[in-house]
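The file entry-v6.cif contains mmCIF, C-alpha atoms:
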data_work
loop_
_atom_site.label_atom_id
_atom_site.label_comp_id
_atom_site.auth_asym_id
_atom_site.auth_seq_id
_atom_site.Cartn_x
_atom_site.Cartn_y
_atom_site.Cartn_z
CA MET A 14 -10.86 -4.63 6.11
CA PRO A 15 -12.03 -5.62 2.64
CA ILE A 16 -14.26 -3.53 0.39
CA VAL A 17 -17.72 -4.09 1.84
CA VAL A 18 -20.43 -5.17 -0.59
CA GLU A 19 -23.66 -5.84 1.24
CA GLY A 20 -25.34 -9.00 -0.03
CA ILE A 21 -22.35 -10.50 -1.89
CA VAL A 22 -22.72 -13.84 -0.07
CA GLY A 23 -26.43 -13.93 -0.90
CA LEU A 24 -25.72 -12.99 -4.51
CA ARG A 25 -23.56 -16.10 -5.05
CA LYS A 26 -26.22 -18.25 -3.39
CA ALA A 27 -28.89 -16.73 -5.62
CA LEU A 28 -26.75 -17.31 -8.73
CA ARG A 29 -26.35 -20.95 -7.76
CA ASN A 30 -30.05 -21.38 -7.03
CA TYR A 31 -31.39 -19.72 -10.17
CA ASP A 32 -28.86 -20.85 -12.74
CA THR A 33 -25.54 -22.61 -12.07
CA ASN A 34 -24.30 -21.35 -15.43
CA LEU A 35 -24.66 -17.78 -14.15
CA LEU A 36 -22.53 -18.67 -11.15
CA LYS A 37 -19.93 -20.31 -13.40
CA GLU A 38 -19.87 -17.25 -15.63
CA PHE A 39 -19.45 -14.97 -12.61
CA ASP A 40 -16.69 -17.12 -11.09
CA THR A 41 -14.85 -17.26 -14.43
CA LYS A 42 -14.85 -13.46 -14.60
CA VAL A 43 -13.51 -13.15 -11.04
CA LYS A 44 -10.88 -15.85 -11.60
CA ALA A 45 -9.72 -14.10 -14.76
CA GLU A 46 -8.94 -11.04 -12.63
CA LEU A 47 -7.27 -12.85 -9.73
CA LYS A 48 -5.10 -15.21 -11.79
CA PRO A 49 -2.86 -12.51 -13.33
CA ILE A 50 -2.09 -11.16 -9.83
CA VAL A 51 -1.10 -14.61 -8.59
CA ASN A 52 0.93 -15.26 -11.75
CA ASP A 53 2.69 -11.93 -11.37
CA ALA A 54 3.58 -12.77 -7.75
CA ARG A 55 4.78 -16.25 -8.76
CA SER A 56 6.98 -14.80 -11.48
CA LYS A 57 8.94 -12.85 -8.85
CA VAL A 58 9.92 -16.00 -6.91
CA PRO A 59 13.57 -16.81 -7.77
CA THR A 60 14.45 -20.42 -8.56
CA SER A 61 17.21 -20.44 -5.94
CA ALA A 62 17.45 -18.66 -2.60
CA PRO A 63 17.81 -14.90 -3.15
CA GLY A 64 21.06 -13.08 -2.39
CA ASN A 65 23.03 -16.33 -2.76
CA LEU A 66 21.83 -17.54 0.66
CA TYR A 67 22.74 -21.11 -0.29
CA ASN A 68 22.34 -22.47 3.25
CA TRP A 69 18.67 -21.53 3.09
CA THR A 70 18.06 -23.84 0.13
CA ASP A 71 15.91 -26.90 0.77
CA THR A 72 18.15 -29.97 0.89
CA GLY A 73 15.29 -32.32 1.63
CA LYS A 74 16.44 -32.88 5.20
CA GLU A 75 14.25 -31.75 8.07
CA ARG A 76 15.74 -28.76 9.89
CA LYS A 77 15.89 -28.44 13.66
CA SER A 78 15.29 -25.15 15.39
CA ARG A 79 18.43 -23.59 16.86
CA THR A 80 16.39 -21.51 19.30
CA GLY A 81 14.25 -24.30 20.75
CA ARG A 82 11.11 -23.36 18.85
CA ALA A 83 8.74 -26.17 17.84
CA ARG A 84 9.10 -25.22 14.19
CA ALA A 85 12.46 -24.65 12.58
CA PHE A 86 13.17 -21.82 10.15
CA PRO A 87 11.61 -23.02 6.88
CA SER A 88 13.81 -23.98 3.94
CA TYR A 89 13.70 -22.17 0.63
CA ASN A 90 11.78 -24.20 -1.92
CA ALA A 91 10.70 -22.15 -4.95
CA SER A 92 8.01 -24.60 -6.08
CA LEU A 93 6.44 -24.70 -2.60
CA ILE A 94 6.45 -20.92 -2.40
CA LYS A 95 4.81 -20.66 -5.85
CA LYS A 96 2.24 -23.27 -4.86
CA GLY A 97 1.40 -21.23 -1.76
CA LEU A 98 0.66 -18.15 -3.85
CA THR A 99 -2.95 -18.73 -4.72
CA TYR A 100 -6.51 -17.38 -4.58
CA SER A 101 -9.90 -18.47 -3.36
CA LEU A 102 -13.45 -17.48 -4.26
CA ALA A 103 -14.92 -19.23 -1.23
CA LYS A 104 -16.44 -17.46 1.74
CA ASN A 105 -13.96 -17.22 4.63
CA LYS A 106 -14.81 -17.82 8.25
CA GLN A 107 -16.32 -14.78 9.97
CA ASP A 108 -13.60 -12.69 11.61
CA LYS A 109 -13.62 -11.02 15.04
CA THR A 110 -15.24 -7.87 13.69
CA GLY A 111 -18.11 -9.78 12.06
CA PHE A 112 -16.96 -9.64 8.47
CA VAL A 113 -16.79 -12.53 6.06
CA SER A 114 -14.51 -12.21 3.07
CA MET A 115 -14.86 -13.51 -0.43
CA PHE A 116 -12.28 -13.45 -3.20
CA THR A 117 -9.08 -13.80 -1.23
CA LEU A 118 -5.46 -13.85 -2.38
CA PHE A 119 -3.11 -16.02 -0.33
CA ASN A 120 0.60 -16.42 0.33
CA ARG A 121 0.37 -19.66 2.29
CA SER A 122 3.91 -21.04 2.55
CA ALA A 123 6.12 -20.18 5.52
CA ALA A 124 9.13 -19.27 3.35
CA GLY A 125 6.84 -17.21 1.10
CA ALA A 126 5.54 -15.34 4.14
CA ILE A 127 9.13 -14.59 5.19
CA ILE A 128 9.99 -13.18 1.75
CA GLU A 129 6.74 -11.20 1.78
CA THR A 130 7.21 -9.59 5.16
CA ALA A 131 10.93 -9.56 6.08
CA GLY A 132 11.98 -6.08 7.12
CA ARG A 133 8.47 -4.64 7.44
CA ALA A 134 8.95 -3.83 11.14
CA ASN A 135 12.72 -3.44 11.26
CA PRO A 136 14.22 -2.61 7.85
CA SER A 137 17.75 -3.10 9.23
CA GLY A 138 17.04 -6.25 11.22
CA SER A 139 15.67 -6.72 14.71
CA SER A 140 17.72 -5.79 17.77
CA ARG A 141 16.32 -8.94 19.43
CA SER A 142 17.92 -11.23 16.85
CA GLU A 143 19.21 -14.51 18.27
CA SER A 144 21.77 -14.99 15.53
CA ASN A 145 25.49 -15.22 16.33
CA ASN A 146 26.08 -12.76 13.51
CA PRO A 147 24.92 -9.29 14.57
CA ASP A 148 24.62 -8.23 10.93
CA ALA A 149 22.54 -11.28 9.88
CA GLY A 150 19.16 -9.53 9.91
CA ARG A 151 20.30 -6.60 7.80
CA LYS A 152 22.01 -8.92 5.28
CA PHE A 153 18.98 -11.23 5.08
CA ILE A 154 16.59 -8.32 4.47
CA GLY A 155 19.01 -6.95 1.87
CA ALA A 156 18.86 -10.32 0.08
CA MET A 157 15.05 -10.22 0.20
CA ASN A 158 15.12 -6.75 -1.30
CA ASP A 159 16.85 -8.27 -4.35
CA ILE A 160 13.44 -9.84 -5.16
CA GLY A 161 11.75 -6.47 -4.94
CA ALA A 162 11.10 -3.59 -2.58
CA LEU A 163 8.27 -3.68 -0.05
CA LYS A 164 5.12 -2.23 -1.64
CA ASP A 165 2.14 -0.98 0.33
CA TYR A 166 -0.97 -2.05 -1.60
CA LYS A 167 -3.42 -0.22 0.66
CA GLY A 168 -1.39 2.68 2.02
CA GLN A 169 -2.01 1.55 5.58
CA GLY A 170 1.62 1.05 6.57
CA GLN A 171 3.42 -1.97 7.92
CA LYS A 172 0.59 -4.52 7.76
CA THR A 173 -0.23 -3.95 4.11
CA LYS A 174 3.36 -3.98 2.85
CA GLY A 175 4.85 -6.93 1.00
CA ARG A 176 7.20 -8.13 -1.75
CA LEU A 177 5.35 -10.93 -3.54
CA LEU A 178 1.56 -10.99 -3.34
CA PHE A 179 1.09 -7.53 -1.86
CA ALA A 180 3.45 -6.04 -4.43
CA ALA A 181 1.60 -7.84 -7.25
CA TYR A 182 -1.73 -6.49 -5.99
CA TYR A 183 -0.12 -3.04 -5.74
CA ARG A 184 1.02 -3.28 -9.38
CA ASN A 185 -2.49 -4.30 -10.41
CA GLN A 186 -3.58 -0.76 -9.42
CA GLY A 187 -7.14 -1.74 -8.54
CA LYS A 188 -7.94 -3.06 -12.04
CA ALA A 189 -9.00 -6.42 -10.61
CA LEU A 190 -11.17 -4.78 -7.98
CA ASN A 191 -12.93 -2.63 -10.58
CA ALA A 192 -13.54 -5.62 -12.86
CA ILE A 193 -14.88 -7.69 -9.94
CA MET A 194 -17.23 -4.87 -8.91
CA LYS A 195 -18.46 -4.71 -12.50
CA ALA A 196 -18.98 -8.50 -12.56
CA ILE A 197 -20.99 -8.19 -9.33
CA GLU A 198 -23.19 -5.51 -10.89
CA VAL A 199 -23.80 -7.64 -13.99
CA ALA A 200 -24.56 -10.72 -11.88
CA ASN A 201 -26.93 -8.66 -9.74
CA VAL A 202 -28.89 -7.60 -12.85
CA GLN A 203 -28.94 -11.20 -14.15
CA VAL A 204 -30.33 -12.51 -10.85
CA GLY A 205 -32.95 -9.75 -10.92
CA ARG A 206 -34.05 -10.90 -14.39
CA GLU A 207 -34.24 -14.53 -13.25
CA ILE A 208 -36.35 -13.51 -10.25
CA ASP A 209 -38.70 -11.53 -12.53
CA LYS A 210 -38.97 -14.53 -14.87
CA SER A 211 -39.89 -16.90 -12.05
CA LYS A 212 -42.43 -14.37 -10.70
CA LYS A 213 -44.12 -14.24 -14.10
CA LEU A 214 -44.21 -18.04 -14.26
CA VAL A 215 -45.88 -18.17 -10.85
CA ALA A 216 -48.39 -15.47 -11.87
CA MET B 22 -7.01 -21.20 7.12
CA ALA B 23 -4.17 -20.61 9.55
CA SER B 24 -4.19 -17.26 11.28
CA SER B 25 -0.56 -16.73 10.19
CA ASP B 26 -1.50 -16.80 6.51
CA ILE B 27 -0.51 -13.77 4.54
CA LEU B 28 -3.64 -12.79 2.63
CA ILE B 29 -5.53 -10.02 0.90
CA ASN B 30 -9.29 -9.95 1.40
CA ILE B 31 -10.70 -8.24 -1.65
CA ILE B 32 -14.42 -8.12 -1.00
CA GLY B 33 -16.39 -8.86 2.13
CA GLN B 34 -19.69 -8.51 3.88
CA PHE B 35 -20.76 -7.88 7.43
CA GLN B 36 -22.75 -10.81 8.79
CA LYS B 37 -24.83 -10.25 11.87
CA LYS B 38 -25.70 -13.92 12.41
CA GLY B 39 -24.13 -15.24 15.60
CA PHE B 40 -22.35 -12.01 16.23
CA ASN B 41 -22.75 -9.61 19.19
CA ASP B 42 -19.53 -7.64 19.58
CA ALA B 43 -19.89 -5.76 16.32
CA ASP B 44 -23.37 -4.62 17.39
CA LYS B 45 -21.76 -2.78 20.28
CA ALA B 46 -18.98 -1.44 18.09
CA PHE B 47 -21.18 -0.30 15.27
CA GLY B 48 -24.27 0.81 17.18
CA LYS B 49 -26.34 3.14 15.10
CA LEU B 50 -23.69 3.19 12.38
CA GLU B 51 -24.76 -0.30 11.30
CA LYS B 52 -28.37 0.82 10.87
CA SER B 53 -27.27 3.71 8.68
CA ALA B 54 -25.05 1.32 6.68
CA LYS B 55 -28.00 -0.97 6.01
CA SER B 56 -30.38 1.80 5.02
CA LEU B 57 -27.74 3.37 2.79
CA GLY B 58 -26.98 -0.06 1.32
CA ARG B 59 -30.64 -0.47 0.39
CA VAL B 60 -30.66 2.84 -1.42
CA ILE B 61 -27.44 2.51 -3.38
CA GLY B 62 -27.12 -1.27 -3.58
CA VAL B 63 -23.55 -1.30 -2.33
CA SER B 64 -23.01 -0.42 1.29
CA LEU B 65 -20.32 1.99 2.35
CA SER B 66 -17.46 1.33 4.71
CA ALA B 67 -17.64 2.73 8.23
CA ALA B 68 -15.23 5.54 7.32
CA ALA B 69 -17.33 6.55 4.34
CA ILE B 70 -20.48 6.57 6.45
CA THR B 71 -18.79 8.71 9.09
CA ALA B 72 -17.75 11.17 6.39
CA TYR B 73 -21.29 11.16 4.98
CA SER B 74 -22.81 11.74 8.44
CA LYS B 75 -20.39 14.61 9.13
CA LYS B 76 -21.38 16.28 5.87
CA ALA B 77 -25.09 15.77 6.59
CA ILE B 78 -24.75 17.21 10.09
CA SER B 79 -22.81 20.26 8.90
CA ALA B 80 -25.41 20.86 6.15
CA ALA B 81 -28.24 20.66 8.71
CA ASN B 82 -26.35 23.05 11.00
CA ALA B 83 -25.96 25.56 8.16
CA ASP B 84 -29.69 25.28 7.44
CA ILE B 85 -30.67 25.96 11.07
CA LYS B 86 -28.20 28.87 11.27
CA SER B 87 -29.63 30.57 8.18
CA GLN B 88 -33.22 30.05 9.48
CA ARG B 89 -32.29 31.73 12.79
CA LEU B 90 -30.60 34.65 11.04
CA LEU B 91 -33.65 35.24 8.86
CA ALA B 92 -35.99 35.05 11.88
CA VAL B 93 -33.88 37.64 13.75
CA SER B 94 -33.87 39.94 10.70
CA LEU B 95 -37.67 39.68 10.36
CA ASN B 96 -38.11 40.35 14.09
CA ASN B 97 -35.91 43.43 13.82
CA VAL B 98 -38.06 44.98 11.10
CA GLY B 99 -41.32 44.05 12.85
CA LEU B 100 -42.27 41.27 10.44
CA ALA B 101 -42.15 38.40 12.94
CA TYR B 102 -45.72 37.40 11.99
CA ALA B 103 -44.56 36.70 8.39
CA LYS B 104 -41.97 34.02 9.30
CA VAL B 105 -44.09 31.07 8.13
CA ASP B 106 -45.09 32.74 4.86
CA VAL B 107 -41.50 33.76 4.15
CA GLU B 108 -40.23 30.19 4.79
CA GLN B 109 -42.87 28.81 2.41
CA PHE B 110 -41.91 31.39 -0.21
CA ILE B 111 -38.21 30.47 0.14
CA GLN B 112 -38.99 26.76 -0.19
CA ARG B 113 -40.98 27.41 -3.40
CA LEU B 114 -38.23 29.64 -4.74
CA GLN B 115 -35.64 26.92 -3.98
CA GLU B 116 -37.67 24.33 -5.91
CA GLN B 117 -38.23 26.68 -8.86
CA THR B 118 -34.70 28.07 -9.20
CA GLY B 119 -32.55 25.26 -7.80
CA ILE B 120 -30.76 27.76 -5.53
CA LEU B 121 -30.31 26.39 -2.00
CA ASP B 122 -32.40 27.89 0.80
CA ASP B 123 -29.15 28.49 2.72
CA GLU B 124 -28.30 31.10 0.08
CA LEU B 125 -31.84 32.45 -0.36
CA ARG B 126 -32.46 33.19 3.33
CA PRO B 127 -29.53 35.63 3.82
CA ALA B 128 -30.54 37.37 0.58
CA PHE B 129 -34.13 37.74 1.79
CA ALA B 130 -32.91 38.91 5.20
CA GLN B 131 -30.93 41.70 3.49
CA LEU B 132 -34.01 42.63 1.44
CA ALA B 133 -36.15 42.80 4.58
#

As structure tokens - that is how I would like this structure written.
Amino acid sequence: MPIVVEGIVGLRKALRNYDTNLLKEFDTKVKAELKPIVNDARSKVPTSAPGNLYNWTDTGKERKSRTGRARAFPSYNASLIKKGLTYSLAKNKQDKTGFVSMFTLFNRSAAGAIIETAGRANPSGSSRSESNNPDAGRKFIGAMNDIGALKDYKGQGQKTKGRLLFAAYYRNQGKALNAIMKAIEVANVQVGREIDKSKKLVA
Amino acid sequence: MASSDILINIIGQFQKKGFNDADKAFGKLEKSAKSLGRVIGVSLSAAAITAYSKKAISAANADIKSQRLLAVSLNNVGLAYAKVDVEQFIQRLQEQTGILDDELRPAFAQLA
């Protein structure tokens, strides 16, 4: 669950309605905090497949799944992984618990998600592995650990552990969150002033 | 957004519009969240509200306990008729000195 700030959706709407420059100013401040996290995560993506897993490298040919799944294991393409590491200031769709999120960091590529999460549940590989090599899982996770160890950005265990984006957010140590909260406070005061101004004009 | 996306939601808001399940889940907690949010501008997470409520309840319990103890002490020394006056005196003393009534009542009970 994100940090809950009541009225954050309305605040952006109000900024847009009263003065688009205020919204731009606010968005610039938020972007300035999110960009370094994304850049940090991107900087950890190796140019070639980690651990010398050369068969994982993208050759441009479409792979076929060995296990009959609709989607084959994704190839390693550093530029695609970097492209998938991004952020958004837009309001997300309401989730099952009724929350909408703003200011989201993403790791969108399939290969990026594998690097992020490999070994979270089974650090030595899954016992249900369908590989012919019984040691494949452990070796693969070991290669992923060359990029960096799993870091828990929220201290909530398995689901908040990662190597790229989660680790970058962990290294940020809440600086971005603090700066965004400050930007929200400033924007809130600015909107208040604009409302007062328009009230005086009406009176 | 695919559900399989790996993401970090930094800031969010609870939206009631078109939503029923959370009403059941939150119940009264949601009302307290809204009223608290109005007071402090930023609303607290459910865990924080639970912690706040627990503190408030334990504080209220301590208050009631000290009131009962004082009433028993006054009854014992035959001053049951003075309960209301004593409570008013303790309230005034609390406002003047800034010492909590939970501390003043046992002291007064000892004095009585």

Step by step, work through what the PyMOL selection byres ((chain A) within 10 of (chain B)) selects in the shown file, and finish by giving those residues as an NGL selection string. :A and (14-23 or 47 or 97-102 or 104-123 or 125-127 or 129-130 or 166 or 172-173 or 175 or 178-179 or 182 or 189-190 or 193-194 or 198 or 201)

Please, what distance in Å, to one decimal, runs between CA of Arg25 (chain A) and CA of Lys212 (chain A)?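 Between these atoms lies a distance of 19.8 Å.
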
I need the output of the PyMOL selection byres ((chain A and resi 62) around 12) for this file as a short mmCIF file (atom, residue, chain, number, x, y, z; two decimals) with C-alpha atoms, keeping the file's coordinate frame; which residues are they?
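Written file, out_38.cif:
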data_model
loop_
_atom_site.label_atom_id
_atom_site.label_comp_id
_atom_site.auth_asym_id
_atom_site.auth_seq_id
_atom_site.Cartn_x
_atom_site.Cartn_y
_atom_site.Cartn_z
CA VAL A 58 9.92 -16.00 -6.91
CA PRO A 59 13.57 -16.81 -7.77
CA THR A 60 14.45 -20.42 -8.56
CA SER A 61 17.21 -20.44 -5.94
CA PRO A 63 17.81 -14.90 -3.15
CA GLY A 64 21.06 -13.08 -2.39
CA ASN A 65 23.03 -16.33 -2.76
CA LEU A 66 21.83 -17.54 0.66
CA TYR A 67 22.74 -21.11 -0.29
CA ASN A 68 22.34 -22.47 3.25
CA TRP A 69 18.67 -21.53 3.09
CA THR A 70 18.06 -23.84 0.13
CA ASP A 71 15.91 -26.90 0.77
CA THR A 72 18.15 -29.97 0.89
CA PRO A 87 11.61 -23.02 6.88
CA SER A 88 13.81 -23.98 3.94
CA TYR A 89 13.70 -22.17 0.63
CA ASN A 90 11.78 -24.20 -1.92
CA ALA A 91 10.70 -22.15 -4.95
CA SER A 92 8.01 -24.60 -6.08
CA ILE A 94 6.45 -20.92 -2.40
CA ALA A 124 9.13 -19.27 3.35
CA GLY A 125 6.84 -17.21 1.10
CA ILE A 128 9.99 -13.18 1.75
CA PHE A 153 18.98 -11.23 5.08
CA ALA A 156 18.86 -10.32 0.08
CA MET A 157 15.05 -10.22 0.20
CA ASP A 159 16.85 -8.27 -4.35
CA ILE A 160 13.44 -9.84 -5.16
#

I need the residue set behind the PyMOL selection byres ((chain B and resi 89) around 12) for this file; please write it as a ChimeraX atom specification. /B:82-88,90-96,101,104,108,123,126-127,130

Could region 84-98 of chain B be written out with N, CA and C atoms, as a PDB file, in the first residue's frame, please?
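result14.pdb, freshly written:
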ATOM      1  N   ASP B  84      -8.188   7.132  32.666  1.00  0.00           N
ATOM      2  CA  ASP B  84      -8.976   8.233  33.207  1.00  0.00           C
ATOM      3  C   ASP B  84     -10.122   7.696  34.073  1.00  0.00           C
ATOM      4  N   ILE B  85     -10.860   6.721  33.501  1.00  0.00           N
ATOM      5  CA  ILE B  85     -12.010   6.139  34.221  1.00  0.00           C
ATOM      6  C   ILE B  85     -11.537   5.460  35.506  1.00  0.00           C
ATOM      7  N   LYS B  86     -10.400   4.744  35.404  1.00  0.00           N
ATOM      8  CA  LYS B  86      -9.862   4.017  36.555  1.00  0.00           C
ATOM      9  C   LYS B  86      -9.541   4.990  37.694  1.00  0.00           C
ATOM     10  N   SER B  87      -8.877   6.101  37.348  1.00  0.00           N
ATOM     11  CA  SER B  87      -8.489   7.058  38.389  1.00  0.00           C
ATOM     12  C   SER B  87      -9.721   7.727  39.000  1.00  0.00           C
ATOM     13  N   GLN B  88     -10.761   7.963  38.167  1.00  0.00           N
ATOM     14  CA  GLN B  88     -12.021   8.551  38.685  1.00  0.00           C
ATOM     15  C   GLN B  88     -12.664   7.616  39.698  1.00  0.00           C
ATOM     16  N   ARG B  89     -12.687   6.301  39.358  1.00  0.00           N
ATOM     17  CA  ARG B  89     -13.297   5.306  40.258  1.00  0.00           C
ATOM     18  C   ARG B  89     -12.540   5.250  41.576  1.00  0.00           C
ATOM     19  N   LEU B  90     -11.207   5.233  41.482  1.00  0.00           N
ATOM     20  CA  LEU B  90     -10.381   5.136  42.698  1.00  0.00           C
ATOM     21  C   LEU B  90     -10.636   6.319  43.631  1.00  0.00           C
ATOM     22  N   LEU B  91     -10.744   7.514  43.019  1.00  0.00           N
ATOM     23  CA  LEU B  91     -10.982   8.716  43.821  1.00  0.00           C
ATOM     24  C   LEU B  91     -12.362   8.649  44.483  1.00  0.00           C
ATOM     25  N   ALA B  92     -13.371   8.180  43.700  1.00  0.00           N
ATOM     26  CA  ALA B  92     -14.733   8.077  44.238  1.00  0.00           C
ATOM     27  C   ALA B  92     -14.756   7.125  45.422  1.00  0.00           C
ATOM     28  N   VAL B  93     -14.065   5.981  45.307  1.00  0.00           N
ATOM     29  CA  VAL B  93     -14.019   4.999  46.410  1.00  0.00           C
ATOM     30  C   VAL B  93     -13.362   5.625  47.639  1.00  0.00           C
ATOM     31  N   SER B  94     -12.252   6.343  47.410  1.00  0.00           N
ATOM     32  CA  SER B  94     -11.537   6.977  48.532  1.00  0.00           C
ATOM     33  C   SER B  94     -12.429   7.992  49.231  1.00  0.00           C
ATOM     34  N   LEU B  95     -13.176   8.789  48.463  1.00  0.00           N
ATOM     35  CA  LEU B  95     -14.071   9.794  49.058  1.00  0.00           C
ATOM     36  C   LEU B  95     -15.204   9.117  49.829  1.00  0.00           C
ATOM     37  N   ASN B  96     -15.727   8.021  49.255  1.00  0.00           N
ATOM     38  CA  ASN B  96     -16.785   7.267  49.954  1.00  0.00           C
ATOM     39  C   ASN B  96     -16.270   6.764  51.302  1.00  0.00           C
ATOM     40  N   ASN B  97     -15.053   6.244  51.274  1.00  0.00           N
ATOM     41  CA  ASN B  97     -14.476   5.650  52.494  1.00  0.00           C
ATOM     42  C   ASN B  97     -14.345   6.656  53.630  1.00  0.00           C
ATOM     43  N   VAL B  98     -14.069   7.908  53.282  1.00  0.00           N
ATOM     44  CA  VAL B  98     -13.898   8.918  54.345  1.00  0.00           C
ATOM     45  C   VAL B  98     -15.170   9.740  54.550  1.00  0.00           C
TER      46      VAL B  98
END
